[in-house]
>>> print(open('data-v2.pdb').read())   # PDB, C-alpha atoms
MODEL        1
ATOM      1  CA  MET A  77      66.938 -30.848  54.233
ATOM      2  CA  ILE A  78      66.543 -32.176  50.718
ATOM      3  CA  CYS A  79      63.923 -34.709  51.834
ATOM      4  CA  GLN A  80      62.049 -32.037  53.711
ATOM      5  CA  GLY A  81      61.914 -29.856  50.591
ATOM      6  CA  VAL A  82      60.622 -32.753  48.487
ATOM      7  CA  TRP A  83      57.868 -33.528  50.969
ATOM      8  CA  THR A  84      56.878 -29.882  51.081
ATOM      9  CA  SER A  85      56.574 -29.758  47.264
ATOM     10  CA  LEU A  86      54.494 -32.926  47.184
ATOM     11  CA  ILE A  87      52.100 -31.615  49.812
ATOM     12  CA  MET A  88      51.667 -28.285  47.943
ATOM     13  CA  TRP A  89      51.064 -30.081  44.648
ATOM     14  CA  PHE A  90      48.448 -32.315  46.335
ATOM     15  CA  PHE A  91      46.553 -29.368  47.816
ATOM     16  CA  TYR A  92      46.748 -27.428  44.483
ATOM     17  CA  SER A  93      45.309 -30.386  42.594
ATOM     18  CA  MET A  94      42.466 -30.819  45.066
ATOM     19  CA  THR A  95      41.664 -27.111  45.068
ATOM     20  CA  SER A  96      41.725 -26.840  41.269
ATOM     21  CA  GLY A  97      39.427 -29.828  40.842
ATOM     22  CA  PHE A  98      37.013 -28.490  43.414
ATOM     23  CA  LEU A  99      36.874 -25.046  41.800
ATOM     24  CA  THR A 100      36.454 -26.524  38.345
ATOM     25  CA  ASP A 101      33.504 -28.616  39.467
ATOM     26  CA  ALA A 102      31.957 -25.656  41.254
ATOM     27  CA  VAL A 103      32.219 -23.295  38.253
ATOM     28  CA  SER A 104      31.302 -25.935  35.643
ATOM     29  CA  VAL A 105      32.182 -23.698  32.660
ATOM     30  CA  LEU A 106      29.866 -24.006  29.602
ATOM     31  CA  PRO A 107      31.366 -24.894  26.212
ATOM     32  CA  ALA A 108      31.582 -22.009  23.756
ATOM     33  CA  PRO A 109      29.240 -21.850  20.721
ATOM     34  CA  GLN A 110      30.851 -23.186  17.565
ATOM     35  CA  ASN A 111      30.772 -22.588  13.794
ATOM     36  CA  LEU A 112      29.909 -18.896  13.708
ATOM     37  CA  SER A 113      28.928 -17.638  10.246
ATOM     38  CA  VAL A 114      27.117 -14.710   8.608
ATOM     39  CA  GLN A 115      24.422 -15.282   5.999
ATOM     40  CA  SER A 116      23.725 -12.066   4.047
ATOM     41  CA  THR A 117      21.133 -11.560   1.294
ATOM     42  CA  ASN A 118      19.950  -8.211  -0.079
ATOM     43  CA  MET A 119      21.667  -6.285   2.733
ATOM     44  CA  LYS A 120      20.009  -8.357   5.473
ATOM     45  CA  HIS A 121      22.782  -9.805   7.677
ATOM     46  CA  LEU A 122      22.170 -12.828   9.933
ATOM     47  CA  LEU A 123      24.792 -14.178  12.376
ATOM     48  CA  MET A 124      24.334 -17.910  13.103
ATOM     49  CA  TRP A 125      26.005 -20.516  15.399
ATOM     50  CA  ASN A 126      25.659 -24.070  16.701
ATOM     51  CA  PRO A 127      23.733 -24.654  19.963
ATOM     52  CA  VAL A 128      25.191 -25.368  23.406
ATOM     53  CA  THR A 129      23.023 -28.140  24.831
ATOM     54  CA  ARG A 130      22.075 -28.696  28.452
ATOM     55  CA  PRO A 131      19.279 -31.299  28.871
ATOM     56  CA  GLY A 132      16.178 -29.816  30.495
ATOM     57  CA  GLU A 133      17.634 -26.280  30.645
ATOM     58  CA  THR A 134      17.503 -23.188  28.425
ATOM     59  CA  VAL A 135      20.794 -21.685  27.317
ATOM     60  CA  PHE A 136      20.951 -17.997  26.431
ATOM     61  CA  TYR A 137      23.457 -16.304  24.139
ATOM     62  CA  CYS A 138      25.092 -12.896  24.069
ATOM     63  CA  VAL A 139      26.396 -11.278  20.852
ATOM     64  CA  GLU A 140      28.947  -8.467  20.570
ATOM     65  CA  TYR A 141      30.555  -6.791  17.567
ATOM     66  CA  GLN A 142      33.585  -4.688  16.764
ATOM     67  CA  GLY A 143      33.911  -2.499  13.686
ATOM     68  CA  GLU A 144      36.951  -0.888  12.157
ATOM     69  CA  TYR A 145      36.478   2.292  14.206
ATOM     70  CA  GLU A 146      36.251   0.384  17.519
ATOM     71  CA  SER A 147      39.269  -1.693  16.590
ATOM     72  CA  LEU A 148      41.554   1.159  15.512
ATOM     73  CA  TYR A 149      40.427   4.174  17.547
ATOM     74  CA  MET A 150      38.666   2.831  20.656
ATOM     75  CA  SER A 151      41.186   0.317  22.052
ATOM     76  CA  HIS A 152      39.486  -2.763  20.593
ATOM     77  CA  ILE A 153      36.276  -2.389  22.614
ATOM     78  CA  TRP A 154      33.337  -4.713  21.931
ATOM     79  CA  ILE A 155      29.778  -3.376  21.660
ATOM     80  CA  PRO A 156      26.697  -5.472  22.584
ATOM     81  CA  SER A 157      24.413  -6.147  19.628
ATOM     82  CA  SER A 158      21.233  -4.046  19.592
ATOM     83  CA  GLN A 159      19.122  -7.156  18.937
ATOM     84  CA  CYS A 160      20.863  -9.977  20.810
ATOM     85  CA  SER A 161      22.249  -8.982  24.208
ATOM     86  CA  SER A 162      20.421 -12.041  25.603
ATOM     87  CA  THR A 163      18.596 -14.396  23.266
ATOM     88  CA  LYS A 164      17.488 -18.037  23.161
ATOM     89  CA  SER A 165      17.708 -18.102  19.373
ATOM     90  CA  LEU A 166      20.618 -19.585  17.425
ATOM     91  CA  GLU A 167      20.759 -16.599  15.101
ATOM     92  CA  CYS A 168      20.938 -12.829  15.410
ATOM     93  CA  ASP A 169      19.934 -10.119  12.944
ATOM     94  CA  VAL A 170      22.976  -7.819  12.936
ATOM     95  CA  THR A 171      21.801  -5.641  10.030
ATOM     96  CA  ASP A 172      21.381  -2.539  12.214
ATOM     97  CA  ASP A 173      24.819  -3.061  13.779
ATOM     98  CA  ILE A 174      26.629  -2.924  10.423
ATOM     99  CA  THR A 175      26.474   0.712   9.338
ATOM    100  CA  ALA A 176      29.589   1.038   7.146
ATOM    101  CA  THR A 177      31.313  -0.870   4.374
ATOM    102  CA  VAL A 178      34.243  -1.998   6.567
ATOM    103  CA  PRO A 179      35.227  -5.325   8.166
ATOM    104  CA  TYR A 180      33.230  -6.308  11.279
ATOM    105  CA  ASN A 181      34.168  -8.911  13.903
ATOM    106  CA  PHE A 182      31.535 -10.779  15.922
ATOM    107  CA  ARG A 183      31.705 -12.979  19.008
ATOM    108  CA  VAL A 184      29.147 -15.068  20.911
ATOM    109  CA  LYS A 185      29.101 -16.632  24.390
ATOM    110  CA  ALA A 186      26.637 -18.984  26.092
ATOM    111  CA  MET A 187      24.962 -18.256  29.463
ATOM    112  CA  LEU A 188      23.120 -20.553  31.885
ATOM    113  CA  GLY A 189      22.321 -18.981  35.244
ATOM    114  CA  SER A 190      25.657 -17.933  36.763
ATOM    115  CA  GLN A 191      27.596 -20.055  34.290
ATOM    116  CA  THR A 192      29.087 -18.546  31.147
ATOM    117  CA  SER A 193      31.194 -19.902  28.331
ATOM    118  CA  ALA A 194      34.257 -18.426  26.751
ATOM    119  CA  TRP A 195      33.769 -16.101  23.780
ATOM    120  CA  SER A 196      33.662 -17.731  20.350
ATOM    121  CA  ASN A 197      34.813 -15.437  17.522
ATOM    122  CA  LEU A 198      33.829 -15.272  13.874
ATOM    123  CA  GLU A 199      36.681 -16.830  11.927
ATOM    124  CA  HIS A 200      36.886 -14.135   9.242
ATOM    125  CA  PRO A 201      35.634 -10.534   9.556
ATOM    126  CA  PHE A 202      32.453  -9.775   7.610
ATOM    127  CA  ASN A 203      32.038  -6.897   5.138
ATOM    128  CA  ARG A 204      28.563  -5.989   3.926
ATOM    129  CA  ASN A 205      29.746  -5.668   0.323
ATOM    130  CA  ALA A 206      29.806  -9.490   0.325
ATOM    131  CA  THR A 207      26.005  -9.623   0.523
ATOM    132  CA  VAL A 208      24.197 -11.610  -2.173
ATOM    133  CA  LEU A 209      21.930  -9.427  -4.317
ATOM    134  CA  THR A 210      18.995 -11.189  -5.997
ATOM    135  CA  PRO A 211      16.758  -9.874  -8.822
ATOM    136  CA  PRO A 212      13.698  -8.088  -7.398
ATOM    137  CA  ARG A 213      10.263  -9.673  -7.594
ATOM    138  CA  MET A 214       8.076  -7.666  -9.941
ATOM    139  CA  GLU A 215       4.383  -7.522 -10.870
ATOM    140  CA  VAL A 216       3.364  -6.000 -14.217
ATOM    141  CA  THR A 217      -0.236  -5.128 -15.088
ATOM    142  CA  GLU A 218      -2.010  -3.225 -17.876
ATOM    143  CA  HIS A 219      -4.221  -0.226 -17.060
ATOM    144  CA  GLY A 220      -5.772   1.482 -20.043
ATOM    145  CA  LEU A 221      -2.807   2.227 -22.294
ATOM    146  CA  HIS A 222      -0.258   2.279 -19.450
ATOM    147  CA  LEU A 223       2.028  -0.388 -18.051
ATOM    148  CA  VAL A 224       1.920  -0.445 -14.244
ATOM    149  CA  ILE A 225       4.782  -2.094 -12.357
ATOM    150  CA  GLU A 226       5.121  -2.832  -8.636
ATOM    151  CA  LEU A 227       8.530  -3.879  -7.314
ATOM    152  CA  GLU A 228       9.472  -5.740  -4.156
ATOM    153  CA  ASP A 229      10.406  -3.467  -1.237
ATOM    154  CA  LEU A 230      13.988  -4.410  -0.288
ATOM    155  CA  GLY A 231      14.683  -1.495   2.057
ATOM    156  CA  PRO A 232      15.724   2.173   1.949
ATOM    157  CA  GLN A 233      19.198   1.462   0.514
ATOM    158  CA  PHE A 234      17.815   0.023  -2.726
ATOM    159  CA  GLU A 235      16.976   1.601  -6.056
ATOM    160  CA  PHE A 236      15.712  -0.200  -9.136
ATOM    161  CA  LEU A 237      16.576   0.027 -12.807
ATOM    162  CA  VAL A 238      13.516  -0.779 -14.948
ATOM    163  CA  VAL A 239      13.962  -1.568 -18.651
ATOM    164  CA  TYR A 240      10.958  -1.920 -20.974
ATOM    165  CA  TRP A 241      10.535  -2.329 -24.733
ATOM    166  CA  ARG A 242       8.046  -3.262 -27.436
ATOM    167  CA  ARG A 243       8.380  -6.916 -28.332
ATOM    168  CA  GLU A 244       9.380  -6.752 -31.972
ATOM    169  CA  PRO A 245      12.661  -7.105 -33.889
ATOM    170  CA  GLY A 246      15.005  -4.151 -33.450
ATOM    171  CA  ALA A 247      12.850  -2.407 -30.824
ATOM    172  CA  ALA A 248      14.617   0.209 -28.691
ATOM    173  CA  GLU A 249      14.849  -0.261 -24.913
ATOM    174  CA  HIS A 250      13.647   2.440 -22.527
ATOM    175  CA  VAL A 251      15.126   2.864 -19.025
ATOM    176  CA  LYS A 252      13.478   4.233 -15.878
ATOM    177  CA  VAL A 253      14.992   4.541 -12.380
ATOM    178  CA  VAL A 254      12.597   3.766  -9.516
ATOM    179  CA  ARG A 255      13.676   5.123  -6.132
ATOM    180  CA  SER A 256      11.744   2.732  -3.872
ATOM    181  CA  GLY A 257       9.732  -0.457  -4.072
ATOM    182  CA  ASP A 258       6.183  -1.404  -3.081
ATOM    183  CA  ILE A 259       4.763   1.661  -4.914
ATOM    184  CA  PRO A 260       2.906   1.296  -8.252
ATOM    185  CA  VAL A 261       4.767   3.057 -11.074
ATOM    186  CA  HIS A 262       3.079   4.076 -14.357
ATOM    187  CA  LEU A 263       5.246   3.921 -17.454
ATOM    188  CA  GLU A 264       4.611   5.977 -20.585
ATOM    189  CA  THR A 265       1.578   5.594 -22.882
ATOM    190  CA  MET A 266       1.731   2.451 -25.023
ATOM    191  CA  GLU A 267       0.168   1.496 -28.350
ATOM    192  CA  SER A 268      -3.077  -0.448 -28.177
ATOM    193  CA  GLY A 269      -2.813  -4.072 -29.299
ATOM    194  CA  ALA A 270       1.004  -4.206 -29.011
ATOM    195  CA  MET A 271       3.033  -6.459 -26.698
ATOM    196  CA  TYR A 272       5.489  -4.859 -24.253
ATOM    197  CA  CYS A 273       8.093  -6.508 -21.995
ATOM    198  CA  VAL A 274       9.639  -5.333 -18.700
ATOM    199  CA  LYS A 275      12.647  -6.411 -16.611
ATOM    200  CA  ALA A 276      14.313  -4.907 -13.523
ATOM    201  CA  GLN A 277      17.445  -5.067 -11.390
ATOM    202  CA  ALA A 278      18.268  -3.889  -7.855
ATOM    203  CA  LEU A 279      20.953  -1.247  -7.179
ATOM    204  CA  VAL A 280      22.760  -0.523  -3.875
ATOM    205  CA  LYS A 281      24.868   2.634  -4.060
ATOM    206  CA  ALA A 282      26.280   2.123  -0.544
ATOM    207  CA  ILE A 283      28.316  -0.866  -1.734
ATOM    208  CA  GLY A 284      28.462   0.013  -5.441
ATOM    209  CA  ARG A 285      26.825  -3.212  -6.616
ATOM    210  CA  HIS A 286      23.722  -4.381  -8.459
ATOM    211  CA  SER A 287      21.815  -7.604  -8.914
ATOM    212  CA  ALA A 288      21.149  -9.486 -12.116
ATOM    213  CA  PHE A 289      18.055  -8.592 -14.154
ATOM    214  CA  SER A 290      14.798 -10.361 -13.420
ATOM    215  CA  GLN A 291      13.152 -12.532 -16.048
ATOM    216  CA  PRO A 292      11.252 -10.378 -18.593
ATOM    217  CA  THR A 293       7.489 -10.113 -18.103
ATOM    218  CA  CYS A 294       5.421  -9.356 -21.231
ATOM    219  CA  VAL A 295       1.916  -7.851 -21.332
ATOM    220  CA  GLU A 296      -0.394  -7.113 -24.282
ATOM    221  CA  MET A 297      -2.012  -3.678 -24.253
ATOM    222  CA  GLN A 298      -5.806  -4.004 -24.486
ATOM    223  CA  GLY A 299      -6.759  -0.325 -24.727
ATOM    224  CA  GLU A 300      -9.631   1.419 -22.982
ATOM    225  CA  SER A 301     -12.674   0.091 -24.946
ATOM    226  CA  LEU A 302     -15.538  -1.002 -22.739
ATOM    227  CA  PRO A 303     -17.211  -4.366 -23.264
ATOM    228  CA  LEU A 304     -20.359  -4.199 -25.416
ATOM    229  CA  ALA A 305     -22.647  -5.363 -22.602
ATOM    230  CA  LEU A 306     -21.301  -2.698 -20.254
ATOM    231  CA  ALA A 307     -21.746   0.028 -22.883
ATOM    232  CA  LEU A 308     -25.327  -1.087 -23.588
ATOM    233  CA  PHE A 309     -26.137  -1.151 -19.897
ATOM    234  CA  ALA A 310     -24.771   2.379 -19.507
ATOM    235  CA  PHE A 311     -26.876   3.642 -22.459
ATOM    236  CA  VAL A 312     -30.102   2.093 -21.122
ATOM    237  CA  GLY A 313     -29.428   3.518 -17.679
ATOM    238  CA  PHE A 314     -28.848   6.976 -19.156
ATOM    239  CA  MET A 315     -32.130   6.842 -21.106
ATOM    240  CA  LEU A 316     -34.100   5.771 -18.016
ATOM    241  CA  ILE A 317     -32.647   8.606 -15.992
ATOM    242  CA  LEU A 318     -33.456  11.093 -18.777
ATOM    243  CA  LEU A 319     -37.064   9.825 -18.951
ATOM    244  CA  VAL A 320     -37.527  10.180 -15.196
ATOM    245  CA  VAL A 321     -36.160  13.725 -15.311
ATOM    246  CA  LEU A 322     -38.536  14.739 -18.141
ATOM    247  CA  LEU A 323     -41.561  13.239 -16.375
ATOM    248  CA  SER A 324     -40.601  15.057 -13.187
ATOM    249  CA  ILE A 325     -40.369  18.381 -15.020
ATOM    250  CA  TRP A 326     -43.792  17.856 -16.682
ATOM    251  CA  LYS A 327     -45.439  16.913 -13.391
ATOM    252  CA  MET A 328     -43.954  19.920 -11.652
ATOM    253  CA  GLY A 329     -45.289  22.195 -14.416
ATOM    254  CA  GLN A 330     -48.783  20.783 -13.971
ATOM    255  CA  LEU A 331     -48.685  21.320 -10.219
ATOM    256  CA  LEU A 332     -47.481  24.904 -10.606
ATOM    257  CA  ARG A 333     -50.165  25.620 -13.243
ATOM    258  CA  TYR A 334     -53.117  24.468 -11.131
ATOM    259  CA  SER A 335     -51.673  26.065  -7.990
ATOM    260  CA  CYS A 336     -51.195  29.542  -9.495
ATOM    261  CA  CYS A 337     -54.102  29.623 -12.020
ATOM    262  CA  PRO A 338     -56.889  27.327 -10.742
ATOM    263  CA  THR A 339     -59.926  26.544 -13.003
ATOM    264  CA  VAL A 340     -63.227  28.299 -11.909
ATOM    265  CA  VAL A 341     -66.465  26.262 -12.319
ATOM    266  CA  LEU A 342     -69.697  28.262 -12.946
ATOM    267  CA  PRO A 343     -72.753  27.404 -10.863
ATOM    268  CA  ASP A 344     -75.723  25.790 -12.632
ATOM    269  CA  THR A 345     -77.840  28.961 -12.361
ATOM    270  CA  LEU A 346     -75.361  30.880 -14.528
ATOM    271  CA  LYS A 347     -75.072  28.240 -17.177
ATOM    272  CA  ILE A 348     -76.894  28.862 -20.511
ATOM    273  CA  THR A 349     -79.140  25.914 -21.262
ATOM    274  CA  SER A 350     -80.706  27.198 -24.563
ATOM    275  CA  SER A 351     -78.938  27.500 -27.819
ATOM    276  CA  SER A 352     -77.066  30.729 -28.295
ATOM    277  CA  GLN A 353     -78.702  31.264 -31.736
ATOM    278  CA  LYS A 354     -82.213  30.886 -30.247
ATOM    279  CA  LEU A 355     -81.398  33.296 -27.458
ATOM    280  CA  ILE A 356     -80.216  35.837 -29.950
ATOM    281  CA  SER A 357     -83.376  35.433 -32.082
ATOM    282  CA  CYS A 358     -85.635  35.745 -29.014
ATOM    283  CA  ARG A 359     -83.949  38.886 -27.860
ATOM    284  CA  LYS A 360     -84.248  40.310 -31.345
ATOM    285  CA  GLU A 361     -88.025  39.770 -31.400
ATOM    286  CA  GLU A 362     -88.405  41.436 -27.992
ATOM    287  CA  VAL A 363     -86.394  44.398 -29.137
ATOM    288  CA  ASP A 364     -88.471  44.745 -32.289
ATOM    289  CA  ALA A 365     -91.708  44.557 -30.272
ATOM    290  CA  CYS A 366     -90.436  47.185 -27.882
ATOM    291  CA  ALA A 367     -89.472  49.390 -30.808
ATOM    292  CA  VAL A 368     -92.944  49.067 -32.360
ATOM    293  CA  ALA A 369     -94.603  49.836 -29.030
ATOM    294  CA  VAL A 370     -92.472  52.894 -28.504
ATOM    295  CA  LEU A 371     -93.166  54.272 -31.971
ATOM    296  CA  SER A 372     -97.050  53.821 -31.695
ATOM    297  CA  SER A 373     -98.785  57.274 -31.790
ATOM    298  CA  GLU A 374    -101.831  56.048 -29.917
ATOM    299  CA  HIS A 375     -99.786  54.972 -27.034
ATOM    300  CA  LEU A 376     -97.942  58.245 -26.944
ATOM    301  CA  PHE A 377    -101.213  60.227 -27.087
ATOM    302  CA  GLY A 378    -102.764  58.187 -24.312
ATOM    303  CA  VAL A 379     -99.732  58.779 -22.120
ATOM    304  CA  TRP A 380     -99.881  62.533 -22.809
ATOM    305  CA  ILE A 381    -103.628  62.703 -21.946
ATOM    306  CA  SER A 382    -103.117  60.827 -18.686
ATOM    307  CA  GLN A 383    -100.311  63.114 -17.651
ATOM    308  CA  THR A 384    -102.394  66.268 -18.397
TER     309      THR A 384
ENDMDL
END
>>> encode(input="data-v2.pdb", output="structure tokens")
Amino acid sequence: MICQGVWTSLIMWFFYSMTSGFLTDAVSVLPAPQNLSVQSTNMKHLLMWNPVTRPGETVFYCVEYQGEYESLYMSHIWIPSSQCSSTKSLECDVTDDITATVPYNFRVKAMLGSQTSAWSNLEHPFNRNATVLTPPRMEVTEHGLHLVIELEDLGPQFEFLVVYWRREPGAAEHVKVVRSGDIPVHLETMESGAMYCVKAQALVKAIGRHSAFSQPTCVEMQGESLPLALALFAFVGFMLILLVVLLSIWKMGQLLRYSCCPTVVLPDTLKITSSSQKLISCRKEEVDACAVAVLSSEHLFGVWISQT
């Protein structure tokens, strides 16, 4: 009986070993991704891991996360990442998945056809307040007597503290809060010919932190005077335009004058060819002759005789 029991155990162990080896070869489980880490700068969070290699084949990866709420109040459920439910990349932008300043766990598994690896977990939970905040890039220009600044757009969670001052000993610093980046901001009116400096830092109220200040940028105020050549060109242009306007008005007056009151030309038959003085003297002689003829008594008597 004892020998029979031993033989039975040996046979069962043999079949178990064969079956296990066969199943293992059939499933061919992939190795899990290794060295998970989160790189976070200016509230942009990137989960990264080492590749699982299969020569000549493309391995996909699946990312899931678990926040404090899921861990404490939803029975430790895992939620697929909104960006990386199936990706060929070795990194995943998990910025949209992290919505609160609490610890987050992440895990990644590899997939190749029907084969999948075990889950590989992030060693230490990640909290977004560990992000690295860098000084914002800033461009400062001079427009008239105003300083114009344009700050790097770091996202909707950022505000900026702008400090500016006149570069001279003992000058007071002025502070301005800018609500968003990538929008030109005009500072107050400056003094012409003076040098002003500007620096800025990024603020994130959601995590209660701020970056270091950027390196100061200094600009000399040039004022609003136009170059001499440009002013001369503007004056000459104005004078030419004024001259054209005056000539146009004069020409229009001439056209209206000859259109409404045209000049009448006398025909040759009505023109007086003799001197006006001679004409007057000739007419005077004729009048005198007529007067003498009228006053002659002989002529009157002859006319009376003929009529009788």
>>> resolve_selection(input="data-v2.pdb", expression="the PyMOL selection byres ((chain A and resi 125) around 12)", output="PDB file with C-alpha atoms, in the coordinates of the input")
ATOM      1  CA  ALA A 108      31.582 -22.009  23.756  1.00  0.00           C
ATOM      2  CA  PRO A 109      29.240 -21.850  20.721  1.00  0.00           C
ATOM      3  CA  GLN A 110      30.851 -23.186  17.565  1.00  0.00           C
ATOM      4  CA  ASN A 111      30.772 -22.588  13.794  1.00  0.00           C
ATOM      5  CA  LEU A 112      29.909 -18.896  13.708  1.00  0.00           C
ATOM      6  CA  SER A 113      28.928 -17.638  10.246  1.00  0.00           C
ATOM      7  CA  VAL A 114      27.117 -14.710   8.608  1.00  0.00           C
ATOM      8  CA  GLN A 115      24.422 -15.282   5.999  1.00  0.00           C
ATOM      9  CA  LEU A 122      22.170 -12.828   9.933  1.00  0.00           C
ATOM     10  CA  LEU A 123      24.792 -14.178  12.376  1.00  0.00           C
ATOM     11  CA  MET A 124      24.334 -17.910  13.103  1.00  0.00           C
ATOM     12  CA  ASN A 126      25.659 -24.070  16.701  1.00  0.00           C
ATOM     13  CA  PRO A 127      23.733 -24.654  19.963  1.00  0.00           C
ATOM     14  CA  VAL A 128      25.191 -25.368  23.406  1.00  0.00           C
ATOM     15  CA  TYR A 137      23.457 -16.304  24.139  1.00  0.00           C
ATOM     16  CA  CYS A 138      25.092 -12.896  24.069  1.00  0.00           C
ATOM     17  CA  VAL A 139      26.396 -11.278  20.852  1.00  0.00           C
ATOM     18  CA  LYS A 164      17.488 -18.037  23.161  1.00  0.00           C
ATOM     19  CA  SER A 165      17.708 -18.102  19.373  1.00  0.00           C
ATOM     20  CA  LEU A 166      20.618 -19.585  17.425  1.00  0.00           C
ATOM     21  CA  GLU A 167      20.759 -16.599  15.101  1.00  0.00           C
ATOM     22  CA  CYS A 168      20.938 -12.829  15.410  1.00  0.00           C
ATOM     23  CA  PHE A 182      31.535 -10.779  15.922  1.00  0.00           C
ATOM     24  CA  ARG A 183      31.705 -12.979  19.008  1.00  0.00           C
ATOM     25  CA  VAL A 184      29.147 -15.068  20.911  1.00  0.00           C
ATOM     26  CA  LYS A 185      29.101 -16.632  24.390  1.00  0.00           C
ATOM     27  CA  ALA A 186      26.637 -18.984  26.092  1.00  0.00           C
ATOM     28  CA  SER A 196      33.662 -17.731  20.350  1.00  0.00           C
ATOM     29  CA  ASN A 197      34.813 -15.437  17.522  1.00  0.00           C
ATOM     30  CA  LEU A 198      33.829 -15.272  13.874  1.00  0.00           C
ATOM     31  CA  GLU A 199      36.681 -16.830  11.927  1.00  0.00           C
TER      32      GLU A 199
END
>>> closest_residue(input="data-v2.pdb", among="A:Gly231, A:Phe314, A:Glu218, A:Cys273", to="Ala247 of chain A", atoms="all atoms listed in the file")
A:Cys273
>>> closest_residue(input="data-v2.pdb", among="A:Ala270, A:Ala310, A:Ala276, A:Ala248", to="Phe236 of chain A", atoms="all atoms listed in the file")
A:Ala276
>>> resolve_selection(input="data-v2.pdb", expression="the PyMOL selection byres ((chain A and resi 285) around 12)", output="list in words")
Asn118, Met119, Arg204, Asn205, Ala206, Thr207, Val208, Leu209, Thr210, Gln233, Phe234, Glu235, Phe236, Gln277, Ala278, Leu279, Val280, Lys281, Ala282, Ile283, Gly284, His286, Ser287 and Ala288 of chain A
>>> atom_distance(input="data-v2.pdb", atom1="atom CA of Leu237 of chain A", atom2="atom CA of Val251 of chain A")
7.0 Å
>>> resolve_selection(input="data-v2.pdb", expression="the PyMOL selection byres ((chain A and resi 134) around 10)", output="ChimeraX atom specification")
/A:128-133,135-136,164,187-189
>>> atom_distance(input="data-v2.pdb", atom1="atom CA of Asp173 of chain A", atom2="atom CA of Glu146 of chain A")
12.5 Å
>>> closest_residue(input="data-v2.pdb", among="A:Ser256, A:Thr163, A:Asn203, A:Ser290", to="His121 of chain A", atoms="all atoms listed in the file")
A:Asn203
>>> atom_distance(input="data-v2.pdb", atom1="atom CA of Lys275 of chain A", atom2="atom CA of Thr117 of chain A")
20.5 Å
>>> residues_around(input="data-v2.pdb", residues="Leu227 of chain A", least_positions_apart="2", cutoff="10 Å", atoms="all atoms listed in the file", output="PyMOL selection string")
chain A and resi 212-216+225+229-230+236+238+254+256-261+276-278
>>> write_last_selection(input="data-v2.pdb", atoms="C-alpha atoms", output="short mmCIF file (atom, residue, chain, number, x, y, z; two decimals), keeping the file's coordinate frame")
data_model
loop_
_atom_site.label_atom_id
_atom_site.label_comp_id
_atom_site.auth_asym_id
_atom_site.auth_seq_id
_atom_site.Cartn_x
_atom_site.Cartn_y
_atom_site.Cartn_z
CA PRO A 212 13.70 -8.09 -7.40
CA ARG A 213 10.26 -9.67 -7.59
CA MET A 214 8.08 -7.67 -9.94
CA GLU A 215 4.38 -7.52 -10.87
CA VAL A 216 3.36 -6.00 -14.22
CA ILE A 225 4.78 -2.09 -12.36
CA ASP A 229 10.41 -3.47 -1.24
CA LEU A 230 13.99 -4.41 -0.29
CA PHE A 236 15.71 -0.20 -9.14
CA VAL A 238 13.52 -0.78 -14.95
CA VAL A 254 12.60 3.77 -9.52
CA SER A 256 11.74 2.73 -3.87
CA GLY A 257 9.73 -0.46 -4.07
CA ASP A 258 6.18 -1.40 -3.08
CA ILE A 259 4.76 1.66 -4.91
CA PRO A 260 2.91 1.30 -8.25
CA VAL A 261 4.77 3.06 -11.07
CA ALA A 276 14.31 -4.91 -13.52
CA GLN A 277 17.44 -5.07 -11.39
CA ALA A 278 18.27 -3.89 -7.86
#
>>> residues_around(input="data-v2.pdb", residues="Leu223 of chain A", least_positions_apart="2", cutoff="8 Å", atoms="all atoms listed in the file", output="ChimeraX atom specification")
/A:216-219,221,225,262-266
